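Trainee: Below is the file query.cif, with mmCIF, C-alpha atoms.
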data_coords
#
loop_
_atom_site.group_PDB
_atom_site.id
_atom_site.type_symbol
_atom_site.label_atom_id
_atom_site.label_comp_id
_atom_site.auth_asym_id
_atom_site.auth_seq_id
_atom_site.Cartn_x
_atom_site.Cartn_y
_atom_site.Cartn_z
ATOM 1 C CA MET D 632 -3.647 -19.822 14.518
ATOM 2 C CA PRO D 633 -6.188 -19.265 11.717
ATOM 3 C CA ALA D 634 -6.081 -21.752 8.847
ATOM 4 C CA PRO D 635 -4.585 -20.507 5.547
ATOM 5 C CA ILE D 636 -6.713 -19.086 2.735
ATOM 6 C CA ALA D 637 -5.759 -19.088 -0.956
ATOM 7 C CA ILE D 638 -6.702 -16.097 -3.127
ATOM 8 C CA ILE D 639 -6.978 -16.934 -6.824
ATOM 9 C CA ASP D 640 -7.255 -14.936 -10.041
ATOM 10 C CA PHE D 641 -7.475 -16.000 -13.689
ATOM 11 C CA GLU D 642 -6.889 -14.151 -16.918
ATOM 12 C CA THR D 643 -8.818 -15.713 -19.767
ATOM 13 C CA THR D 644 -9.808 -15.434 -23.432
ATOM 14 C CA GLY D 645 -13.416 -14.601 -22.585
ATOM 15 C CA SER D 646 -16.075 -14.384 -19.922
ATOM 16 C CA THR D 647 -17.141 -17.994 -19.405
ATOM 17 C CA PRO D 648 -15.987 -21.542 -20.143
ATOM 18 C CA ALA D 649 -19.541 -22.288 -21.315
ATOM 19 C CA GLN D 650 -18.827 -20.108 -24.357
ATOM 20 C CA GLY D 651 -15.472 -21.747 -25.047
ATOM 21 C CA ALA D 652 -13.247 -19.327 -23.137
ATOM 22 C CA ARG D 653 -9.998 -20.727 -21.769
ATOM 23 C CA ALA D 654 -7.558 -19.581 -19.110
ATOM 24 C CA THR D 655 -4.330 -17.860 -20.155
ATOM 25 C CA GLU D 656 -2.868 -17.109 -16.718
ATOM 26 C CA VAL D 657 -3.480 -18.107 -13.114
ATOM 27 C CA ALA D 658 -2.122 -16.718 -9.866
ATOM 28 C CA ILE D 659 -2.668 -17.827 -6.286
ATOM 29 C CA VAL D 660 -1.637 -15.937 -3.148
ATOM 30 C CA LEU D 661 -1.597 -17.810 0.147
ATOM 31 C CA VAL D 662 -2.371 -15.849 3.315
ATOM 32 C CA GLU D 663 -2.056 -17.060 6.872
ATOM 33 C CA ASP D 664 -2.172 -15.311 10.231
ATOM 34 C CA GLY D 665 -2.742 -11.898 8.649
ATOM 35 C CA ARG D 666 0.040 -11.961 6.060
ATOM 36 C CA VAL D 667 1.038 -13.325 2.665
ATOM 37 C CA VAL D 668 3.162 -16.460 3.075
ATOM 38 C CA ASP D 669 3.498 -17.827 -0.480
ATOM 39 C CA GLN D 670 2.363 -17.326 -4.073
ATOM 40 C CA PHE D 671 2.111 -19.137 -7.418
ATOM 41 C CA GLN D 672 1.790 -17.658 -10.909
ATOM 42 C CA SER D 673 2.037 -18.944 -14.459
ATOM 43 C CA LEU D 674 0.912 -18.207 -17.967
ATOM 44 C CA MET D 675 -0.564 -21.241 -19.719
ATOM 45 C CA ASN D 676 -1.045 -22.442 -23.271
ATOM 46 C CA ALA D 677 -4.569 -23.745 -23.792
ATOM 47 C CA GLY D 678 -4.167 -24.003 -27.566
ATOM 48 C CA VAL D 679 -6.599 -21.186 -28.371
ATOM 49 C CA ARG D 680 -6.177 -17.709 -29.810
ATOM 50 C CA ILE D 681 -6.422 -14.646 -27.608
ATOM 51 C CA PRO D 682 -8.781 -12.022 -29.080
ATOM 52 C CA PRO D 683 -7.210 -8.591 -29.695
ATOM 53 C CA PHE D 684 -9.470 -6.855 -27.163
ATOM 54 C CA ILE D 685 -8.313 -9.286 -24.455
ATOM 55 C CA THR D 686 -4.677 -8.569 -25.300
ATOM 56 C CA GLN D 687 -5.444 -4.857 -25.065
ATOM 57 C CA LEU D 688 -7.053 -5.395 -21.640
ATOM 58 C CA THR D 689 -4.486 -7.734 -20.117
ATOM 59 C CA GLY D 690 -1.299 -7.252 -22.112
ATOM 60 C CA ILE D 691 -1.112 -11.026 -22.622
ATOM 61 C CA THR D 692 -0.294 -11.848 -26.250
ATOM 62 C CA ASN D 693 -0.545 -14.992 -28.338
ATOM 63 C CA ALA D 694 3.247 -15.078 -28.507
ATOM 64 C CA MET D 695 3.463 -15.075 -24.695
ATOM 65 C CA VAL D 696 1.151 -18.062 -24.263
ATOM 66 C CA ALA D 697 2.768 -19.902 -27.193
ATOM 67 C CA ASP D 698 5.925 -20.153 -25.082
ATOM 68 C CA ALA D 699 4.019 -20.995 -21.868
ATOM 69 C CA PRO D 700 3.562 -24.494 -20.372
ATOM 70 C CA PRO D 701 0.438 -26.474 -21.375
ATOM 71 C CA ALA D 702 -2.702 -25.540 -19.466
ATOM 72 C CA ALA D 703 -3.098 -29.039 -17.993
ATOM 73 C CA GLU D 704 0.434 -28.939 -16.590
ATOM 74 C CA VAL D 705 -0.058 -25.504 -15.014
ATOM 75 C CA MET D 706 -3.414 -26.447 -13.520
ATOM 76 C CA ALA D 707 -1.978 -29.614 -11.979
ATOM 77 C CA GLN D 708 0.752 -27.486 -10.390
ATOM 78 C CA ALA D 709 -1.847 -24.988 -9.147
ATOM 79 C CA ARG D 710 -3.931 -27.803 -7.662
ATOM 80 C CA ARG D 711 -0.899 -29.157 -5.790
ATOM 81 C CA PHE D 712 -0.031 -25.667 -4.576
ATOM 82 C CA VAL D 713 -3.521 -25.083 -3.184
ATOM 83 C CA GLY D 714 -3.983 -28.544 -1.686
ATOM 84 C CA ASP D 715 -7.164 -28.500 0.402
ATOM 85 C CA THR D 716 -6.925 -24.801 1.240
ATOM 86 C CA PRO D 717 -10.230 -22.934 0.687
ATOM 87 C CA LEU D 718 -10.303 -20.294 -2.031
ATOM 88 C CA VAL D 719 -11.267 -16.626 -2.251
ATOM 89 C CA ALA D 720 -11.670 -14.569 -5.424
ATOM 90 C CA HIS D 721 -13.004 -11.179 -6.416
ATOM 91 C CA ASN D 722 -16.180 -12.027 -8.344
ATOM 92 C CA ALA D 723 -15.794 -15.665 -7.353
ATOM 93 C CA PRO D 724 -18.302 -17.165 -9.851
ATOM 94 C CA PHE D 725 -15.965 -16.148 -12.688
ATOM 95 C CA ASP D 726 -12.799 -17.662 -11.202
ATOM 96 C CA ARG D 727 -14.619 -20.676 -9.774
ATOM 97 C CA GLY D 728 -15.933 -21.514 -13.246
ATOM 98 C CA PHE D 729 -12.457 -21.527 -14.772
ATOM 99 C CA TRP D 730 -10.941 -23.330 -11.766
ATOM 100 C CA HIS D 731 -13.432 -26.182 -12.078
ATOM 101 C CA THR D 732 -13.353 -26.369 -15.874
ATOM 102 C CA GLU D 733 -9.591 -26.178 -16.331
ATOM 103 C CA LEU D 734 -8.970 -28.672 -13.525
ATOM 104 C CA ALA D 735 -11.500 -31.075 -15.035
ATOM 105 C CA ARG D 736 -9.661 -30.831 -18.358
ATOM 106 C CA ALA D 737 -6.444 -31.658 -16.498
ATOM 107 C CA GLY D 738 -8.040 -34.645 -14.770
ATOM 108 C CA CYS D 739 -7.928 -33.041 -11.335
ATOM 109 C CA ASP D 740 -10.645 -32.574 -8.738
ATOM 110 C CA ALA D 741 -11.681 -29.176 -7.362
ATOM 111 C CA PRO D 742 -13.212 -29.694 -3.908
ATOM 112 C CA GLN D 743 -12.543 -26.271 -2.402
ATOM 113 C CA PRO D 744 -15.329 -23.915 -1.361
ATOM 114 C CA PHE D 745 -15.076 -20.328 -2.637
ATOM 115 C CA ALA D 746 -15.699 -17.056 -0.824
ATOM 116 C CA CYS D 747 -16.245 -13.867 -2.814
ATOM 117 C CA THR D 748 -14.759 -10.494 -1.877
ATOM 118 C CA VAL D 749 -17.369 -8.719 -4.029
ATOM 119 C CA ARG D 750 -20.192 -10.159 -1.940
ATOM 120 C CA LEU D 751 -18.304 -9.496 1.270
ATOM 121 C CA ALA D 752 -17.522 -5.909 0.281
ATOM 122 C CA ARG D 753 -21.181 -5.229 -0.497
ATOM 123 C CA ARG D 754 -22.022 -6.156 3.083
ATOM 124 C CA LEU D 755 -19.090 -4.529 4.837
ATOM 125 C CA TYR D 756 -18.593 -1.384 2.710
ATOM 126 C CA PRO D 757 -21.956 -0.237 1.326
ATOM 127 C CA GLU D 758 -20.579 3.314 1.313
ATOM 128 C CA ALA D 759 -17.937 2.483 -1.329
ATOM 129 C CA PRO D 760 -18.586 4.085 -4.764
ATOM 130 C CA ASN D 761 -18.807 0.585 -6.239
ATOM 131 C CA HIS D 762 -17.345 -2.805 -5.481
ATOM 132 C CA GLN D 763 -14.921 -3.292 -8.337
ATOM 133 C CA LEU D 764 -11.464 -4.349 -7.224
ATOM 134 C CA GLY D 765 -9.705 -1.150 -8.337
ATOM 135 C CA THR D 766 -12.329 1.027 -6.667
ATOM 136 C CA LEU D 767 -12.074 -0.861 -3.379
ATOM 137 C CA ALA D 768 -8.273 -0.693 -3.524
ATOM 138 C CA ARG D 769 -8.458 3.102 -3.847
ATOM 139 C CA PHE D 770 -11.220 3.318 -1.238
ATOM 140 C CA HIS D 771 -8.985 1.553 1.308
ATOM 141 C CA GLN D 772 -5.720 3.016 -0.009
ATOM 142 C CA LEU D 773 -4.316 -0.446 -0.582
ATOM 143 C CA PRO D 774 -0.844 -0.665 -2.132
ATOM 144 C CA SER D 775 -0.642 -1.154 -5.886
ATOM 145 C CA ALA D 776 0.625 -4.557 -7.013
ATOM 146 C CA GLY D 777 1.254 -3.716 -10.675
ATOM 147 C CA ARG D 778 -0.835 -3.693 -13.820
ATOM 148 C CA ALA D 779 -4.526 -4.496 -13.307
ATOM 149 C CA HIS D 780 -5.893 -7.453 -15.274
ATOM 150 C CA ARG D 781 -2.768 -9.503 -14.739
ATOM 151 C CA ALA D 782 -3.407 -12.475 -12.520
ATOM 152 C CA LEU D 783 -0.702 -12.014 -9.895
ATOM 153 C CA ALA D 784 -1.303 -8.281 -9.463
ATOM 154 C CA ASP D 785 -5.049 -8.791 -9.085
ATOM 155 C CA ALA D 786 -4.587 -11.729 -6.705
ATOM 156 C CA GLN D 787 -2.213 -9.656 -4.570
ATOM 157 C CA VAL D 788 -4.656 -6.753 -4.382
ATOM 158 C CA THR D 789 -7.503 -9.139 -3.561
ATOM 159 C CA ALA D 790 -5.352 -10.653 -0.810
ATOM 160 C CA ALA D 791 -4.707 -7.175 0.602
ATOM 161 C CA LEU D 792 -8.443 -6.465 0.462
ATOM 162 C CA LEU D 793 -9.250 -9.715 2.244
ATOM 163 C CA LEU D 794 -6.750 -8.985 4.996
ATOM 164 C CA ARG D 795 -8.238 -5.503 5.383
ATOM 165 C CA MET D 796 -11.704 -7.041 5.680
ATOM 166 C CA GLN D 797 -10.535 -9.411 8.390
ATOM 167 C CA GLN D 798 -8.840 -6.537 10.222
ATOM 168 C CA ASP D 799 -11.993 -4.407 10.037
ATOM 169 C CA LEU D 800 -14.149 -7.306 11.189
ATOM 170 C CA ARG D 801 -11.983 -7.626 14.282
ATOM 171 C CA GLU D 802 -11.430 -3.931 15.013
ATOM 172 C CA ARG D 803 -14.617 -2.208 13.769
ATOM 173 C CA TRP D 804 -17.170 -4.933 14.344
ATOM 174 C CA GLY D 805 -15.478 -6.884 17.144
ATOM 175 C CA VAL D 806 -15.747 -10.255 15.403
ATOM 176 C CA ALA D 807 -13.940 -12.906 17.375
ATOM 177 C CA ALA D 808 -12.719 -15.101 14.526
ATOM 178 C CA PRO D 809 -13.181 -13.823 10.954
ATOM 179 C CA ASP D 810 -11.876 -17.072 9.466
ATOM 180 C CA PHE D 811 -12.956 -18.679 6.205
ATOM 181 C CA GLY D 812 -16.032 -20.304 7.710
ATOM 182 C CA PHE D 813 -17.153 -16.952 9.054
ATOM 183 C CA LEU D 814 -16.597 -15.313 5.647
ATOM 184 C CA LEU D 815 -18.793 -17.928 3.956
ATOM 185 C CA ALA D 816 -21.555 -17.298 6.488
ATOM 186 C CA LEU D 817 -21.178 -13.524 6.178
ATOM 187 C CA GLN D 818 -21.476 -13.469 2.390
ATOM 188 C CA ALA D 819 -24.631 -15.584 2.618
ATOM 189 C CA CYS D 820 -26.215 -13.407 5.297
ATOM 190 C CA PRO D 821 -29.146 -11.266 4.069
ATOM 191 C CA LYS D 822 -28.409 -7.572 4.475
ATOM 192 C CA ALA D 823 -31.463 -7.128 6.673
ATOM 193 C CA ARG D 824 -29.958 -9.527 9.220
ATOM 194 C CA LEU D 825 -26.367 -8.332 8.914
ATOM 195 C CA ALA D 826 -26.178 -6.281 12.124
ATOM 196 C CA ARG D 827 -27.558 -9.115 14.239
ATOM 197 C CA PHE D 828 -25.235 -11.605 12.553
ATOM 198 C CA LEU D 829 -22.157 -9.487 13.302
ATOM 199 C CA GLN D 830 -23.268 -8.868 16.885
ATOM 200 C CA SER D 831 -23.646 -12.598 17.467
ATOM 201 C CA ASN D 832 -19.981 -13.086 16.542
ATOM 202 C CA THR D 833 -18.401 -10.304 18.583
ATOM 203 C CA LEU D 834 -15.442 -10.762 20.899
ATOM 204 C CA GLY D 835 -17.692 -10.071 23.833
ATOM 205 C CA MET D 836 -19.761 -13.169 23.067
ATOM 206 C CA ALA D 837 -16.860 -15.370 21.987
ATOM 207 C CA GLY D 838 -16.540 -17.048 25.361
#
Please render this file's structure as structure tokens.
Mentor:
Amino acid sequence: MPAPIAIIDFETTGSTPAQGARATEVAIVLVEDGRVVDQFQSLMNAGVRIPPFITQLTGITNAMVADAPPAAEVMAQARRFVGDTPLVAHNAPFDRGFWHTELARAGCDAPQPFACTVRLARRLYPEAPNHQLGTLARFHQLPSAGRAHRALADAQVTAALLLRMQQDLRERWGVAAPDFGFLLALQACPKARLARFLQSNTLGMAG
């Protein structure tokens, strides 16, 4: 049975922790053997104000986070939920930055590798209009999970996208085992070598 993968999404006050942005919400969806098996979601209070344009984008208000648990408490819970499971995110550098920074603030380590569904989609679906999450969801007719730019909805859609990628890798490209290790190798593969890479991992060569 394939090992589980955790899909993560943050909502934040800005684009990068390097500029002082903090997380306001985190969600994690755990997938295993082709299906969602568990999930975690929480708002968090990082003690910073949410700019009006972020509230307009996400619907998360200062009043909502004022009543939320402290960021360090939420991140410790998220770390326990994930354990040693590897992580996937859509535009992984963004979520990885907040994962590492917020966990460091909470005194927790962050050893997991990250795979990125943006990078994977660019290799697997070059015909898509673009590789934004909403566009890919429409392109594949994935079910809606609720309002975009809320952490759980976006994590659920990313999980559905990941499962679709693994299905297509098996059925369209004949990949024997599109597990997390394969996804890491695929996203790092230069496009010029992509066809050969996929052929070398087909079911026909698995034995």
Trainee: I'd like the contact shell of Gly738 (chain D) - 12 Å cut-off, only C-alpha atoms, skipping same-chain residues fewer than 2 positions apart - returned as a VMD selection string.
Mentor: chain D and resid 702 to 704 706 to 707 710 731 to 736 740 to 741
Trainee: Measuring between all atoms listed in the file, which one of D:Gly765, D:Pro700, D:Arg653, D:Gln787 shows the shortest distance to Ile638 (chain D)?
Mentor: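 Smallest separation from Ile638 (chain D) among the options: D:Gln787.
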Trainee: Report as a VMD selection string the residues that result from applying the PyMOL selection byres ((chain D and resi 804-807) around 7) to the structure here.
Mentor: chain D and resid 799 to 803 808 to 809 829 832 to 834 837
Trainee: Given the file above and the PyMOL selection byres ((chain D and resi 751) around 12), which residues are selected, and can you give them as a VMD selection string?
Mentor: chain D and resid 719 to 723 745 to 750 752 to 757 762 to 763 767 789 792 to 793 795 to 797 799 to 800 809 811 813 to 822 825
Trainee: For this structure, which residues satisfy the selection - the PyMOL selection byres ((chain D and resi 695) around 12) - when it is evaluated on the file as given? I want them as a ChimeraX atom specification.
Mentor: /D:655-656,673-677,680-681,686,689-694,696-700
Trainee: Would you please work out which residue, of D:Arg781, D:Arg824, D:Arg711, D:Arg769, is nearest to Phe641 (chain D) when using only C-alpha atoms?
Mentor: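 Checking each candidate against Phe641 (chain D), we get D:Arg781 as the closest.
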Trainee: My list of candidates is D:Ile685, D:Ala649, D:Ile639, D:Leu718. Which is closest to Pro744 (chain D) when distances are computed with all atoms listed in the file?
Mentor: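 Residue with the minimum atom-to-atom distance to Pro744 (chain D): D:Leu718.
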Trainee: I want to know what sits within 12 Å of Asp669 (chain D), based on all atoms listed in the file, with residues of the same chain fewer than 4 positions away left out; could you give that as a list in words?
Mentor: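 Close residues of Asp669 (chain D): Pro635, Ile636, Ala637, Ile638, Ala658, Ile659, Val660, Leu661, Val662, Glu663, Phe712, Val713, Leu783, Ala786, Gln787 and Ala790 of chain D.
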Trainee: Quick check, in Å to one decimal: how far apart do CA of Asp640 (chain D) and CA of Ala782 (chain D) lie?
Mentor: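 If I compute the distance from CA of Asp640 (chain D) to CA of Ala782 (chain D), I get 5.2 Å.
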Trainee: Smallest atom-to-atom distance to Thr643 (chain D): which of D:Val668, D:Ala791, D:Ala709, D:Phe725, using only C-alpha atoms?
Mentor: D:Phe725
Trainee: I'd like the interatomic distance between CA of Glu642 (chain D) and CA of Phe729 (chain D), to a tenth of an Å.
Mentor: 9.5 Å
Trainee: Grab the CA of Leu794 (chain D) to CA of Gly665 (chain D) distance for me, in Å with one decimal place.
Mentor: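 Straight-line distance from CA of Leu794 (chain D) to CA of Gly665 (chain D) works out to 6.2 Å.
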Trainee: Under the rule that all atoms listed in the file are counted, which of D:Gln672, D:Asp726, D:Pro682, D:Ala737 is the nearest residue to Pro701 (chain D)?
Mentor: D:Ala737
Trainee: Edge lengths and centre in Å to one decimal, as lines of an AutoDock Vina configuration file, is what I'm after for the box along x, y and z that holds all listed atoms of region 762-769 of chain D once 3 Å is added on each side.
Mentor:
center_x = -12.8
center_y = -0.6
center_z = -5.9
size_x = 15.1
size_y = 13.5
size_z = 11.0
Trainee: Measuring atom to atom with all atoms listed in the file, identify which of D:Pro760, D:Pro724, D:Gly714, D:Gly678 is nearest to Cys739 (chain D).
Mentor: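 Of D:Pro760, D:Pro724, D:Gly714, D:Gly678, the one nearest Cys739 (chain D) is D:Gly714, counting all atoms listed in the file.
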Trainee: Generate the coordinates of all heavy atoms for region 670-681 of chain D; report them as an mmCIF file, keeping the file's coordinate frame.
Mentor:
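Listed below is the output, selection_35.cif:
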data_model
loop_
_atom_site.group_PDB
_atom_site.id
_atom_site.type_symbol
_atom_site.label_atom_id
_atom_site.label_comp_id
_atom_site.auth_asym_id
_atom_site.auth_seq_id
_atom_site.Cartn_x
_atom_site.Cartn_y
_atom_site.Cartn_z
ATOM 1 N N GLN D 670 3.135 -17.644 -2.882
ATOM 2 C CA GLN D 670 2.363 -17.326 -4.073
ATOM 3 C C GLN D 670 2.803 -18.194 -5.245
ATOM 4 O O GLN D 670 3.913 -18.728 -5.274
ATOM 5 C CB GLN D 670 2.477 -15.845 -4.441
ATOM 6 C CG GLN D 670 3.874 -15.361 -4.745
ATOM 7 C CD GLN D 670 3.928 -13.848 -4.929
ATOM 8 O OE1 GLN D 670 3.182 -13.095 -4.285
ATOM 9 N NE2 GLN D 670 4.802 -13.386 -5.799
ATOM 10 N N PHE D 671 1.889 -18.336 -6.210
ATOM 11 C CA PHE D 671 2.111 -19.137 -7.418
ATOM 12 C C PHE D 671 1.549 -18.352 -8.589
ATOM 13 O O PHE D 671 0.473 -17.758 -8.486
ATOM 14 C CB PHE D 671 1.388 -20.483 -7.298
ATOM 15 C CG PHE D 671 1.360 -21.290 -8.573
ATOM 16 C CD1 PHE D 671 2.382 -22.176 -8.865
ATOM 17 C CD2 PHE D 671 0.319 -21.143 -9.480
ATOM 18 C CE1 PHE D 671 2.360 -22.924 -10.044
ATOM 19 C CE2 PHE D 671 0.295 -21.893 -10.660
ATOM 20 C CZ PHE D 671 1.317 -22.779 -10.943
ATOM 21 N N GLN D 672 2.269 -18.353 -9.710
ATOM 22 C CA GLN D 672 1.790 -17.658 -10.909
ATOM 23 C C GLN D 672 2.352 -18.323 -12.144
ATOM 24 O O GLN D 672 3.521 -18.743 -12.151
ATOM 25 C CB GLN D 672 2.209 -16.183 -10.877
ATOM 26 C CG GLN D 672 1.801 -15.376 -12.110
ATOM 27 C CD GLN D 672 2.800 -15.452 -13.260
ATOM 28 O OE1 GLN D 672 3.979 -15.699 -13.015
ATOM 29 N NE2 GLN D 672 2.339 -15.246 -14.480
ATOM 30 N N SER D 673 1.532 -18.436 -13.186
ATOM 31 C CA SER D 673 2.037 -18.944 -14.459
ATOM 32 C C SER D 673 1.088 -18.573 -15.586
ATOM 33 O O SER D 673 -0.136 -18.633 -15.429
ATOM 34 C CB SER D 673 2.190 -20.471 -14.419
ATOM 35 O OG SER D 673 2.721 -20.945 -15.658
ATOM 36 N N LEU D 674 1.652 -18.200 -16.720
ATOM 37 C CA LEU D 674 0.912 -18.207 -17.967
ATOM 38 C C LEU D 674 0.667 -19.655 -18.356
ATOM 39 O O LEU D 674 1.348 -20.573 -17.873
ATOM 40 C CB LEU D 674 1.700 -17.496 -19.068
ATOM 41 C CG LEU D 674 1.874 -15.983 -18.923
ATOM 42 C CD1 LEU D 674 2.953 -15.481 -19.866
ATOM 43 C CD2 LEU D 674 0.552 -15.253 -19.189
ATOM 44 N N MET D 675 -0.293 -19.875 -19.258
ATOM 45 C CA MET D 675 -0.564 -21.241 -19.719
ATOM 46 C C MET D 675 -1.027 -21.229 -21.170
ATOM 47 O O MET D 675 -1.649 -20.270 -21.633
ATOM 48 C CB MET D 675 -1.598 -21.924 -18.821
ATOM 49 C CG MET D 675 -2.980 -21.328 -18.856
ATOM 50 S SD MET D 675 -4.108 -22.191 -17.736
ATOM 51 C CE MET D 675 -3.709 -21.411 -16.185
ATOM 52 N N ASN D 676 -0.683 -22.286 -21.868
ATOM 53 C CA ASN D 676 -1.045 -22.442 -23.271
ATOM 54 C C ASN D 676 -2.199 -23.430 -23.370
ATOM 55 O O ASN D 676 -2.008 -24.639 -23.172
ATOM 56 C CB ASN D 676 0.157 -22.933 -24.073
ATOM 57 C CG ASN D 676 -0.116 -22.972 -25.563
ATOM 58 O OD1 ASN D 676 -1.256 -22.882 -26.008
ATOM 59 N ND2 ASN D 676 0.939 -23.126 -26.353
ATOM 60 N N ALA D 677 -3.384 -22.901 -23.648
ATOM 61 C CA ALA D 677 -4.569 -23.745 -23.792
ATOM 62 C C ALA D 677 -4.865 -24.092 -25.247
ATOM 63 O O ALA D 677 -5.892 -24.708 -25.544
ATOM 64 C CB ALA D 677 -5.781 -23.048 -23.167
ATOM 65 N N GLY D 678 -3.983 -23.664 -26.162
ATOM 66 C CA GLY D 678 -4.167 -24.003 -27.566
ATOM 67 C C GLY D 678 -5.247 -23.213 -28.264
ATOM 68 O O GLY D 678 -5.786 -23.671 -29.278
ATOM 69 N N VAL D 679 -5.578 -22.038 -27.747
ATOM 70 C CA VAL D 679 -6.599 -21.186 -28.371
ATOM 71 C C VAL D 679 -6.022 -19.790 -28.583
ATOM 72 O O VAL D 679 -5.081 -19.385 -27.910
ATOM 73 C CB VAL D 679 -7.880 -21.100 -27.509
ATOM 74 C CG1 VAL D 679 -8.524 -22.465 -27.356
ATOM 75 C CG2 VAL D 679 -7.573 -20.519 -26.130
ATOM 76 N N ARG D 680 -6.616 -19.065 -29.518
ATOM 77 C CA ARG D 680 -6.177 -17.709 -29.810
ATOM 78 C C ARG D 680 -6.757 -16.730 -28.806
ATOM 79 O O ARG D 680 -7.883 -16.883 -28.340
ATOM 80 C CB ARG D 680 -6.626 -17.291 -31.215
ATOM 81 C CG ARG D 680 -6.056 -18.124 -32.342
ATOM 82 C CD ARG D 680 -4.613 -17.815 -32.618
ATOM 83 N NE ARG D 680 -4.405 -16.441 -33.075
ATOM 84 C CZ ARG D 680 -3.218 -15.890 -33.289
ATOM 85 N NH1 ARG D 680 -2.105 -16.591 -33.063
ATOM 86 N NH2 ARG D 680 -3.102 -14.649 -33.720
ATOM 87 N N ILE D 681 -5.959 -15.714 -28.491
ATOM 88 C CA ILE D 681 -6.422 -14.646 -27.608
ATOM 89 C C ILE D 681 -6.968 -13.516 -28.473
ATOM 90 O O ILE D 681 -6.253 -12.989 -29.335
ATOM 91 C CB ILE D 681 -5.276 -14.122 -26.730
ATOM 92 C CG1 ILE D 681 -4.691 -15.249 -25.886
ATOM 93 C CG2 ILE D 681 -5.755 -12.975 -25.840
ATOM 94 C CD1 ILE D 681 -3.460 -14.847 -25.105
#
